[in-house]
>>> print(open('upload.tsv').read())   # TSV, C-alpha atoms
chain	number	residue	atom	x	y	z
S	613	TYR	CA	-8.87	11.23	-28.64
S	614	ARG	CA	-8.13	7.61	-29.41
S	615	PRO	CA	-10.36	5.06	-27.61
S	616	VAL	CA	-8.55	3.08	-24.91
S	617	LYS	CA	-8.88	-0.69	-24.86
S	618	PHE	CA	-9.63	-2.58	-21.71
S	619	LYS	CA	-6.70	-4.59	-20.40
S	620	ARG	CA	-6.68	-8.10	-19.01
S	621	GLY	CA	-3.68	-7.42	-16.78
S	622	ASP	CA	-5.78	-7.12	-13.62
S	623	GLU	CA	-7.51	-10.45	-14.28
S	624	MET	CA	-4.13	-12.11	-14.79
S	625	ASP	CA	-2.75	-10.53	-11.59
S	626	LYS	CA	-5.77	-11.81	-9.69
S	627	LEU	CA	-5.33	-15.34	-11.14
S	628	LEU	CA	-1.65	-15.37	-10.20
S	629	GLU	CA	-2.52	-14.21	-6.69
S	630	TYR	CA	-5.00	-17.09	-6.28
S	631	LEU	CA	-2.38	-19.54	-7.60
S	632	ARG	CA	0.20	-18.19	-5.16
S	633	LYS	CA	-2.22	-18.59	-2.23
S	634	PHE	CA	-3.01	-22.18	-3.33
S	635	ILE	CA	0.68	-23.06	-3.46
S	636	ASN	CA	1.21	-21.56	-0.01
S	637	ILE	CA	-1.64	-23.65	1.36
S	638	ILE	CA	-0.16	-26.83	-0.12
S	639	ILE	CA	3.31	-26.05	1.20
S	640	GLY	CA	1.99	-25.17	4.64
S	641	SER	CA	-0.10	-28.34	4.93
S	642	ALA	CA	2.79	-30.53	3.72
S	643	GLU	CA	4.87	-29.62	6.75
S	644	LYS	CA	2.05	-30.61	9.10
S	645	LYS	CA	1.43	-33.80	7.12
S	646	ILE	CA	5.08	-34.83	7.45
S	647	ALA	CA	4.93	-34.37	11.21
S	648	LEU	CA	1.63	-36.27	11.35
S	649	TYR	CA	3.01	-39.15	9.28
S	650	LEU	CA	6.07	-39.46	11.54
S	651	VAL	CA	4.00	-39.52	14.74
S	652	THR	CA	1.39	-41.89	13.28
S	653	GLY	CA	4.07	-44.22	11.93
S	654	GLY	CA	5.89	-44.24	15.26
S	655	VAL	CA	2.74	-45.02	17.21
S	656	SER	CA	1.86	-47.79	14.75
S	657	VAL	CA	5.26	-49.40	15.17
S	658	ILE	CA	4.97	-49.24	18.96
S	659	VAL	CA	1.45	-50.73	18.92
S	660	ALA	CA	2.62	-53.54	16.64
S	661	SER	CA	5.52	-54.23	18.97
S	662	LEU	CA	3.18	-54.41	21.99
S	663	ASN	CA	1.66	-57.62	20.61
S	664	THR	CA	4.63	-59.45	22.14
S	665	ASP	CA	4.22	-60.81	25.68
S	666	TRP	CA	6.16	-58.28	27.79
S	667	LEU	CA	6.53	-60.73	30.67
S	668	GLN	CA	8.24	-63.09	28.26
S	669	ILE	CA	10.51	-60.28	27.15
S	670	LEU	CA	11.54	-59.48	30.71
S	671	LEU	CA	12.19	-63.14	31.56
S	672	MET	CA	14.29	-63.59	28.45
S	673	LEU	CA	16.31	-60.49	29.32
S	674	VAL	CA	16.93	-61.90	32.81
S	675	VAL	CA	17.95	-65.24	31.34
S	676	LYS	CA	20.25	-63.50	28.91
S	677	GLY	CA	21.84	-61.69	31.80
S	678	LEU	CA	22.52	-64.96	33.59
S	679	ASN	CA	23.44	-67.00	30.50
S	680	LYS	CA	25.07	-65.27	27.60
S	681	GLU	CA	24.13	-68.12	25.28
S	682	ALA	CA	20.37	-67.62	25.77
S	683	THR	CA	18.46	-66.36	22.73
S	684	VAL	CA	16.10	-63.47	23.09
S	685	THR	CA	15.45	-62.73	19.45
S	686	GLU	CA	11.73	-62.03	19.85
S	687	GLY	CA	12.24	-59.75	22.83
S	688	GLU	CA	15.07	-57.90	21.19
S	689	SER	CA	13.05	-57.35	18.04
S	690	SER	CA	10.17	-55.99	20.11
S	691	ILE	CA	12.48	-53.66	22.00
S	692	VAL	CA	14.00	-52.46	18.73
S	693	GLY	CA	10.52	-51.94	17.30
S	694	CYS	CA	9.40	-49.91	20.30
S	695	PHE	CA	12.60	-47.89	20.25
S	696	PHE	CA	12.28	-47.19	16.54
S	697	GLY	CA	8.62	-46.17	16.97
S	698	LEU	CA	9.52	-43.86	19.85
S	699	VAL	CA	12.21	-42.25	17.71
S	700	LEU	CA	9.66	-41.61	14.98
S	701	VAL	CA	7.23	-40.03	17.46
S	702	ILE	CA	9.93	-37.78	18.92
S	703	LEU	CA	11.12	-36.84	15.45
S	704	GLY	CA	7.55	-35.99	14.36
S	705	VAL	CA	6.93	-33.82	17.41
S	706	TRP	CA	10.27	-32.05	16.95
S	707	PHE	CA	9.60	-31.44	13.26
S	708	TYR	CA	6.15	-30.01	13.99
S	709	PHE	CA	7.40	-27.50	16.56
S	710	LYS	CA	10.46	-26.71	14.46
S	711	THR	CA	8.39	-25.74	11.43
S	712	ASN	CA	5.66	-23.98	13.38
S	713	THR	CA	7.70	-22.01	15.88
S	714	GLN	CA	9.97	-20.37	13.33
S	715	LYS	CA	9.70	-16.59	13.25
S	716	LYS	CA	6.76	-15.68	11.06
S	717	LYS	CA	7.60	-13.26	8.30
S	718	LYS	CA	5.90	-9.91	8.51
S	719	ILE	CA	3.61	-9.09	5.60
S	720	VAL	CA	4.32	-5.94	3.62
S	721	ALA	CA	1.86	-4.55	1.07
S	722	ARG	CA	3.82	-3.07	-1.82
S	723	ILE	CA	1.91	-0.58	-3.97
S	724	GLN	CA	3.48	-0.12	-7.41
S	725	HIS	CA	1.69	2.93	-8.80
S	726	SER	CA	2.35	4.36	-12.27
S	727	SER	CA	0.30	6.51	-14.63
S	728	ILE	CA	2.76	9.10	-16.01
S	729	GLU	CA	5.57	7.05	-17.53
S	730	VAL	CA	7.06	3.56	-17.49
S	731	VAL	CA	8.90	2.95	-14.23
S	732	ASP	CA	11.26	0.11	-13.35
S	733	PHE	CA	10.04	-1.82	-10.31
S	734	SER	CA	12.38	-4.78	-10.87
S	735	ASN	CA	15.39	-3.42	-8.99
S	736	ILE	CA	13.63	-3.10	-5.63
S	737	LYS	CA	15.68	-4.74	-2.89
S	738	GLU	CA	13.82	-7.51	-1.10
S	739	GLU	CA	13.91	-7.96	2.69
S	740	SER	CA	14.59	-11.50	3.88
S	741	ASP	CA	12.23	-11.27	6.87
S	742	THR	CA	9.19	-10.04	4.91
S	743	GLU	CA	6.53	-11.52	2.69
S	744	VAL	CA	5.61	-9.02	-0.01
S	745	LYS	CA	2.08	-8.78	-1.38
S	746	ARG	CA	2.06	-6.64	-4.52
S	747	TYR	CA	-0.71	-4.27	-5.56
S	748	ILE	CA	0.01	-3.09	-9.09
S	749	ILE	CA	-1.87	0.06	-10.10
S	750	ASN	CA	-0.86	0.53	-13.73
S	751	GLN	CA	-2.87	3.33	-15.38
S	752	LEU	CA	-0.42	4.13	-18.18
S	753	GLU	CA	-2.51	2.91	-21.10
S	754	GLU	CA	-5.69	4.51	-19.82
S	755	MET	CA	-3.92	7.87	-19.47
S	756	THR	CA	-2.21	7.89	-22.87
S	757	TYR	CA	-4.95	10.20	-24.15
S	758	LEU	CA	-6.97	12.39	-21.85
S	759	SER	CA	-10.68	11.59	-21.71
S	760	GLU	CA	-13.30	11.05	-19.04
S	761	ILE	CA	-13.57	7.40	-20.12
S	762	GLY	CA	-9.83	6.92	-19.62
S	763	LEU	CA	-10.04	8.61	-16.24
S	764	MET	CA	-12.90	6.39	-15.15
S	765	ARG	CA	-11.03	3.26	-16.25
S	766	SER	CA	-7.97	4.44	-14.34
S	767	ILE	CA	-10.08	4.95	-11.23
S	768	ALA	CA	-11.60	1.48	-11.65
S	769	ILE	CA	-8.11	-0.08	-11.72
S	770	GLN	CA	-7.12	1.84	-8.60
S	771	ASN	CA	-10.34	1.04	-6.74
S	772	ARG	CA	-9.99	-2.71	-7.35
S	773	ASN	CA	-6.51	-2.74	-5.86
S	774	VAL	CA	-7.51	-0.52	-2.94
S	775	ASN	CA	-10.47	-2.76	-2.11
S	776	ARG	CA	-8.20	-5.83	-2.19
S	777	LEU	CA	-5.78	-4.10	0.14
S	778	LEU	CA	-8.52	-2.97	2.52
S	779	ASP	CA	-9.96	-6.50	2.59
S	780	SER	CA	-6.55	-7.84	3.69
S	781	PHE	CA	-6.77	-5.79	6.89
S	782	HIS	CA	-9.67	-8.01	8.01
S	783	GLN	CA	-7.76	-11.29	7.47
S	784	LEU	CA	-5.39	-12.43	10.20
S	785	ASP	CA	-3.19	-14.46	7.85
S	786	SER	CA	-2.72	-11.65	5.29
S	787	CYS	CA	-2.99	-8.41	7.26
S	788	PRO	CA	0.02	-6.25	6.32
S	789	SER	CA	2.16	-4.66	9.00
S	790	ARG	CA	3.32	-1.93	6.61
S	791	ILE	CA	2.66	-0.41	3.20
S	792	ASP	CA	5.56	0.31	0.88
S	793	TYR	CA	4.49	2.96	-1.61
S	794	TYR	CA	6.36	3.24	-4.91
S	795	GLY	CA	4.60	5.84	-7.01
S	796	LEU	CA	5.08	7.96	-10.11
S	797	ALA	CA	1.51	8.90	-10.89
S	798	HIS	CA	-0.71	11.89	-11.53
S	799	ILE	CA	-1.20	13.97	-8.40
S	800	PRO	CA	-5.00	13.49	-8.10
S	801	PHE	CA	-4.59	9.68	-8.26
S	802	THR	CA	-1.97	9.73	-5.49
S	803	ILE	CA	-4.00	12.09	-3.29
S	804	LEU	CA	-7.06	9.89	-3.89
S	805	LEU	CA	-5.05	6.80	-2.90
S	806	GLY	CA	-4.01	8.39	0.39
S	807	TYR	CA	-7.60	9.40	1.06
S	808	GLN	CA	-8.95	5.91	0.35
S	809	ILE	CA	-6.41	4.01	2.44
S	810	ALA	CA	-6.10	6.75	5.10
S	811	ASP	CA	-4.08	5.79	8.19
S	812	LYS	CA	-4.89	2.09	8.29
S	813	VAL	CA	-1.21	1.14	8.69
S	814	ASN	CA	2.25	2.68	8.62
S	815	VAL	CA	3.48	3.71	5.18
S	816	LYS	CA	7.09	3.66	4.00
S	817	PHE	CA	7.53	6.01	1.06
S	818	HIS	CA	9.92	5.57	-1.85
S	819	GLU	CA	10.58	8.36	-4.36
S	820	TRP	CA	11.80	7.78	-7.89
S	821	ASP	CA	15.16	9.49	-8.47
S	822	GLN	CA	15.25	10.30	-12.19
S	823	ASN	CA	18.93	11.21	-12.04
S	824	LYS	CA	19.98	7.88	-10.53
S	825	SER	CA	17.11	5.86	-12.08
S	826	LYS	CA	16.30	4.09	-8.84
S	827	TRP	CA	13.94	4.22	-5.88
S	828	LEU	CA	15.09	6.03	-2.74
S	829	ALA	CA	13.39	5.41	0.59
S	830	ILE	CA	12.47	8.30	2.86
S	831	TRP	CA	13.90	7.56	6.30
S	832	ASP	CA	13.54	9.29	9.65
S	833	ASN	CA	16.76	11.23	9.23
S	834	PRO	CA	17.69	14.03	11.67
S	835	THR	CA	18.09	16.38	8.71
S	836	SER	CA	16.83	19.95	8.98
S	837	TYR	CA	14.12	21.05	6.58
S	838	PRO	CA	12.39	24.34	5.73
S	839	LYS	CA	9.19	25.49	7.40
S	840	LEU	CA	5.90	25.92	5.59
S	841	ILE	CA	4.48	29.39	5.02
S	842	LEU	CA	0.75	30.13	4.96
S	843	ASP	CA	-0.62	33.02	2.86
S	844	ILE	CA	-4.34	33.84	3.13
S	845	ASN	CA	-6.42	35.89	0.70
S	846	LYS	CA	-10.01	36.49	1.83
S	847	VAL	CA	-12.46	38.17	-0.57
S	848	GLN	CA	-15.81	37.08	0.93
S	849	LYS	CA	-17.65	37.17	4.20
S	850	PRO	CA	-17.20	33.85	6.05
S	851	ARG	CA	-20.93	33.04	6.23
S	852	GLU	CA	-21.32	33.58	2.50
S	853	VAL	CA	-18.49	31.23	1.54
S	854	GLU	CA	-19.42	27.84	0.07
S	855	GLU	CA	-16.16	27.09	-1.77
S	856	VAL	CA	-12.52	27.77	-0.89
S	857	ILE	CA	-9.18	27.16	-2.57
S	858	ILE	CA	-6.22	25.40	-0.97
S	859	LYS	CA	-2.90	25.62	-2.81
S	860	VAL	CA	0.15	23.65	-1.69
S	861	GLY	CA	3.34	24.72	-3.46
S	862	MET	CA	6.35	22.53	-2.66
S	863	THR	CA	8.14	21.84	-5.96
S	864	TYR	CA	6.98	24.84	-7.98
S	865	PRO	CA	5.02	27.95	-6.95
S	866	ILE	CA	1.30	27.97	-7.76
S	867	GLU	CA	0.40	31.39	-9.14
S	868	ASP	CA	-3.14	32.76	-9.06
S	869	ASN	CA	-3.22	33.00	-12.87
S	870	HIS	CA	-2.60	29.24	-13.08
S	871	LEU	CA	-6.23	28.83	-11.98
S	872	ASP	CA	-7.67	30.93	-14.81
S	873	GLY	CA	-10.50	29.26	-16.70
S	874	LEU	CA	-11.80	27.30	-13.71
S	875	GLY	CA	-14.35	29.86	-12.50
S	876	LEU	CA	-12.74	30.21	-9.07
S	877	ARG	CA	-11.67	33.84	-9.17
S	878	ASP	CA	-13.94	34.99	-6.30
S	879	CYS	CA	-12.96	32.26	-3.80
S	880	ASP	CA	-11.00	32.71	-0.59
S	881	THR	CA	-7.53	31.23	-1.00
S	882	TYR	CA	-5.16	29.50	1.43
S	883	TYR	CA	-1.65	29.02	0.06
S	884	LEU	CA	0.64	26.68	2.01
S	885	HIS	CA	4.13	26.71	0.51
S	886	LEU	CA	7.88	26.72	0.92
S	887	GLU	CA	9.72	30.00	0.73
S	888	ASN	CA	11.85	28.58	-2.08
S	889	PRO	CA	9.97	25.73	-3.76
S	890	ARG	CA	12.29	23.14	-5.30
S	891	ARG	CA	12.52	19.55	-6.46
S	892	ASN	CA	13.34	16.73	-4.00
S	893	HIS	CA	12.37	18.83	-1.00
S	894	ILE	CA	11.25	15.86	1.14
S	895	VAL	CA	14.25	14.62	3.13
S	896	SER	CA	12.82	12.78	6.16
S	897	LEU	CA	9.81	10.96	7.53
S	898	LYS	CA	9.49	13.47	10.37
S	899	GLN	CA	9.25	16.23	7.79
S	900	LEU	CA	6.31	14.46	6.17
S	901	GLN	CA	4.62	14.00	9.54
S	902	ASP	CA	5.10	17.65	10.51
S	903	TYR	CA	3.89	18.94	7.14
S	904	LYS	CA	0.86	16.66	7.32
S	905	LYS	CA	-0.01	17.99	10.78
S	906	GLU	CA	0.22	21.57	9.51
S	907	PHE	CA	-2.07	20.70	6.63
S	908	ARG	CA	-4.57	19.04	8.96
S	909	ASP	CA	-4.47	22.11	11.23
S	910	LEU	CA	-5.26	24.25	8.19
S	911	LEU	CA	-8.29	22.07	7.38
S	912	ASP	CA	-9.55	22.43	10.95
S	913	ARG	CA	-9.10	26.20	10.72
S	914	ILE	CA	-11.08	26.34	7.48
S	915	ASN	CA	-13.88	24.18	8.90
S	916	GLN	CA	-14.22	26.51	11.87
S	917	THR	CA	-14.12	29.68	9.75
S	918	TYR	CA	-16.79	28.81	7.20
S	919	PRO	CA	-20.04	27.41	8.64
S	920	ASN	CA	-21.65	27.00	5.19
S	921	LEU	CA	-18.68	25.54	3.34
S	922	LYS	CA	-19.46	22.87	0.72
S	923	LYS	CA	-16.35	22.42	-1.45
S	924	ILE	CA	-12.58	22.58	-1.19
S	925	HIS	CA	-10.62	23.04	-4.44
S	926	LEU	CA	-7.17	21.52	-3.96
S	927	PHE	CA	-4.09	22.37	-6.05
S	928	TYR	CA	-0.78	20.68	-5.29
S	929	SER	CA	2.77	20.91	-6.62
S	930	GLY	CA	5.19	18.50	-4.95
S	931	GLN	CA	6.45	14.97	-4.48
S	932	MET	CA	4.36	11.80	-4.44
S	933	SER	CA	4.99	11.08	-0.76
S	934	PHE	CA	3.41	14.29	0.50
S	935	ALA	CA	0.60	14.02	-2.05
S	936	TYR	CA	-0.31	10.70	-0.41
S	937	CYS	CA	-0.04	12.30	3.05
S	938	ILE	CA	-2.33	15.16	2.00
S	939	GLY	CA	-4.95	12.67	0.88
S	940	SER	CA	-4.72	10.72	4.14
S	941	ALA	CA	-5.13	13.95	6.13
S	942	PHE	CA	-8.68	14.45	4.87
S	943	SER	CA	-11.54	12.94	6.87
S	944	SER	CA	-14.80	11.82	5.28
S	945	ARG	CA	-16.54	12.59	8.58
S	946	MET	CA	-15.08	16.03	9.27
S	947	ASP	CA	-14.33	17.59	5.89
S	948	TYR	CA	-16.43	18.72	2.97
S	949	GLN	CA	-16.26	17.63	-0.66
S	950	VAL	CA	-12.69	17.87	-1.94
S	951	LEU	CA	-11.81	18.34	-5.62
S	952	SER	CA	-8.20	17.58	-6.58
S	953	TYR	CA	-6.86	19.15	-9.80
S	954	ASN	CA	-4.20	17.96	-12.25
S	955	PHE	CA	-1.64	20.43	-13.60
S	956	VAL	CA	-0.63	20.12	-17.25
S	957	GLY	CA	1.48	23.23	-17.87
S	958	ARG	CA	0.39	23.73	-21.49
S	959	GLY	CA	-3.07	24.38	-22.83
S	960	TYR	CA	-5.95	26.19	-21.20
S	961	PRO	CA	-6.83	25.92	-18.42
S	962	LYS	CA	-3.52	24.76	-16.94
S	963	TYR	CA	-5.39	22.41	-14.62
S	964	ASN	CA	-7.10	20.25	-17.20
S	965	TRP	CA	-8.93	17.61	-15.16
S	966	VAL	CA	-10.32	17.25	-11.65
S	967	LEU	CA	-11.05	14.32	-9.38
S	968	PRO	CA	-13.42	14.27	-6.37
S	969	LEU	CA	-12.03	12.45	-3.34
S	970	LYS	CA	-14.25	9.51	-2.49
S	971	LYS	CA	-13.78	6.07	-0.99
S	972	ALA	CA	-13.08	3.06	-3.22
S	973	HIS	CA	-16.63	1.69	-2.85
S	974	GLU	CA	-18.23	4.98	-3.92
S	975	ASN	CA	-18.98	6.28	-7.40
S	976	ILE	CA	-16.24	8.67	-8.51
S	977	GLU	CA	-16.93	10.97	-11.45
S	978	PRO	CA	-13.85	12.80	-12.80
S	979	LYS	CA	-14.22	15.83	-15.06
S	980	VAL	CA	-12.09	17.18	-17.91
S	981	THR	CA	-11.96	20.93	-17.32
S	982	GLY	CA	-10.56	22.08	-20.66
S	983	GLU	CA	-9.35	21.05	-24.06
S	984	VAL	CA	-7.85	17.61	-24.68
S	985	VAL	CA	-4.07	17.77	-24.66
S	986	ARG	CA	-2.64	14.73	-26.42
S	987	LYS	CA	0.40	13.04	-24.91
S	988	ASP	CA	0.43	15.63	-22.12
S	989	VAL	CA	-1.90	14.57	-19.33
>>> encode(input="upload.tsv", output="structure tokens")
Amino acid sequence: YRPVKFKRGDEMDKLLEYLRKFINIIIGSAEKKIALYLVTGGVSVIVASLNTDWLQILLMLVVKGLNKEATVTEGESSIVGCFFGLVLVILGVWFYFKTNTQKKKKIVARIQHSSIEVVDFSNIKEESDTEVKRYIINQLEEMTYLSEIGLMRSIAIQNRNVNRLLDSFHQLDSCPSRIDYYGLAHIPFTILLGYQIADKVNVKFHEWDQNKSKWLAIWDNPTSYPKLILDINKVQKPREVEEVIIKVGMTYPIEDNHLDGLGLRDCDTYYLHLENPRRNHIVSLKQLQDYKKEFRDLLDRINQTYPNLKKIHLFYSGQMSFAYCIGSAFSSRMDYQVLSYNFVGRGYPKYNWVLPLKKAHENIEPKVTGEVVRKDV
């Protein structure tokens, strides 16, 4: 394979993020400074005007009322000064509350995830009432040629962005109210992402439509959708089982011979699938939620069945949105070690690399299971 060079894109993204925060701080403080300057200036004018003898002012006003020819220049100037100062104070107070009581924009964390091919993220429609914080996980260069080094670099890129996102949940001024996920990445990376972020916040999924060349959001539509089917093949006694296989076939069926060459022939298998697997099968948010619950129920069933279980081998064929949901369904406290496999279609074995699911702060060691397949990872 050809060695992959380290990129400086992440460092530049981080520098731009710091610059953006600095600009926001300056802009935010300027509004308060303007209000402060108005109030301070108004008070100063009023104080300066108070140097005039107010009794003299009142007497001169009375005299002016009795005799139109009387001059009250000093009193009038003091009154004008006080009035002008009061106007400045009122204007400063109004400006402060006007700029600080406006509806605060909700923060949305946008994950732009790509590792398979170049994807256009420029035509995403912006929402006027949101402030978007971008997390760009670009693993394209690292995955040009399959190698463990490239996989580890890809994981490092993903972990940095995940840690930044997780840190934002502990900051009141930058905590996102929602995650927008735009992804066209290898299945293990997407499942890993869902596992690492878990259910910290609501996620709005967007799928790339290759026919229309644009992103389509998955809404909570009242559209009907097919039910999942569970096939079970047990070949061992439950107490002897240390490893099981979970297959999830949504886009294409996952045949048993697809797993040849992985040394998993004697494992119990749980196959969750659609009766007629097809592309673009996800049609609603409720469908994702229901499918995720069924998957979580399957994990609970497996945990109860095998008291000595140590590993789960996961094989998935489907869209990015449910891959993320599958990852978020796993629990580091309740479930055992999970290994997520990548399907390549050509070469042997057909699943040519595997990724253990671990949190972003943990050491993740991917493995290449078979021969290197150039330009087909």
>>> closest_residue(input="upload.tsv", among="S:Lys745, S:His818, S:Arg913, S:Lys979", to="Trp965 of chain S", atoms="all atoms listed in the file")
S:Lys979
>>> closest_residue(input="upload.tsv", among="S:Phe733, S:Phe934, S:Tyr903, S:Tyr757", to="Val980 of chain S", atoms="all atoms listed in the file")
S:Tyr757
>>> atom_distance(input="upload.tsv", atom1="atom CA of Asp843 of chain S", atom2="atom CA of Asn869 of chain S")
15.9 Å
>>> atom_distance(input="upload.tsv", atom1="atom CA of Val730 of chain S", atom2="atom CA of Gly762 of chain S")
17.4 Å
>>> residues_around(input="upload.tsv", residues="segment 973-977 of chain S", least_positions_apart="4", cutoff="8 Å", atoms="all atoms listed in the file", output="list in words")
Met764, Ile767, Asn771, Asn775, Leu967, Pro968 and Leu969 of chain S
>>> write_last_selection(input="upload.tsv", atoms="C-alpha atoms", output="compact mmCIF listing (two decimals), keeping the file's coordinate frame")
# COMPACT_ATOMS: atom_id res chain seq x y z
CA MET S 764 -12.90 6.39 -15.15
CA ILE S 767 -10.08 4.95 -11.23
CA ASN S 771 -10.34 1.04 -6.74
CA ASN S 775 -10.47 -2.76 -2.11
CA LEU S 967 -11.05 14.32 -9.38
CA PRO S 968 -13.42 14.27 -6.37
CA LEU S 969 -12.03 12.45 -3.34
>>> atom_distance(input="upload.tsv", atom1="atom CA of His893 of chain S", atom2="atom CA of Thr802 of chain S")
17.6 Å
>>> residues_around(input="upload.tsv", residues="Arg772 of chain S", least_positions_apart="2", cutoff="12 Å", atoms="all atoms listed in the file", output="mmCIF file with C-alpha atoms, in the frame of the given file")
data_model
loop_
_atom_site.group_PDB
_atom_site.id
_atom_site.type_symbol
_atom_site.label_atom_id
_atom_site.label_comp_id
_atom_site.auth_asym_id
_atom_site.auth_seq_id
_atom_site.Cartn_x
_atom_site.Cartn_y
_atom_site.Cartn_z
ATOM 1 C CA ASP S 622 -5.780 -7.120 -13.620
ATOM 2 C CA GLU S 623 -7.510 -10.450 -14.280
ATOM 3 C CA ASP S 625 -2.750 -10.530 -11.590
ATOM 4 C CA LYS S 626 -5.770 -11.810 -9.690
ATOM 5 C CA TYR S 747 -0.710 -4.270 -5.560
ATOM 6 C CA ILE S 748 0.010 -3.090 -9.090
ATOM 7 C CA ILE S 749 -1.870 0.060 -10.100
ATOM 8 C CA ASN S 750 -0.860 0.530 -13.730
ATOM 9 C CA ARG S 765 -11.030 3.260 -16.250
ATOM 10 C CA SER S 766 -7.970 4.440 -14.340
ATOM 11 C CA ILE S 767 -10.080 4.950 -11.230
ATOM 12 C CA ALA S 768 -11.600 1.480 -11.650
ATOM 13 C CA ILE S 769 -8.110 -0.080 -11.720
ATOM 14 C CA GLN S 770 -7.120 1.840 -8.600
ATOM 15 C CA VAL S 774 -7.510 -0.520 -2.940
ATOM 16 C CA ASN S 775 -10.470 -2.760 -2.110
ATOM 17 C CA ARG S 776 -8.200 -5.830 -2.190
ATOM 18 C CA LEU S 777 -5.780 -4.100 0.140
ATOM 19 C CA LEU S 778 -8.520 -2.970 2.520
ATOM 20 C CA ASP S 779 -9.960 -6.500 2.590
ATOM 21 C CA LEU S 805 -5.050 6.800 -2.900
ATOM 22 C CA GLN S 808 -8.950 5.910 0.350
ATOM 23 C CA LYS S 971 -13.780 6.070 -0.990
ATOM 24 C CA ALA S 972 -13.080 3.060 -3.220
ATOM 25 C CA HIS S 973 -16.630 1.690 -2.850
ATOM 26 C CA GLU S 974 -18.230 4.980 -3.920
#
>>> residues_near_point(input="upload.tsv", point="(18.4, 18.3, 9.4)", cutoff="10 Å", atoms="all atoms listed in the file", output="count of residues only")
9
>>> closest_residue(input="upload.tsv", among="S:Glu743, S:Asp732, S:Asp792, S:Asp878", to="Val847 of chain S", atoms="only C-alpha atoms")
S:Asp878
>>> closest_residue(input="upload.tsv", among="S:Thr981, S:Ser933, S:Ser825, S:Gly653", to="Ile803 of chain S", atoms="all atoms listed in the file")
S:Ser933
>>> closest_residue(input="upload.tsv", among="S:Lys737, S:Lys839, S:Arg790, S:Arg890", to="Lys718 of chain S", atoms="all atoms listed in the file")
S:Arg790
>>> closest_residue(input="upload.tsv", among="S:Leu874, S:Lys922, S:Tyr928, S:Leu884", to="Tyr960 of chain S", atoms="all atoms listed in the file")
S:Leu874
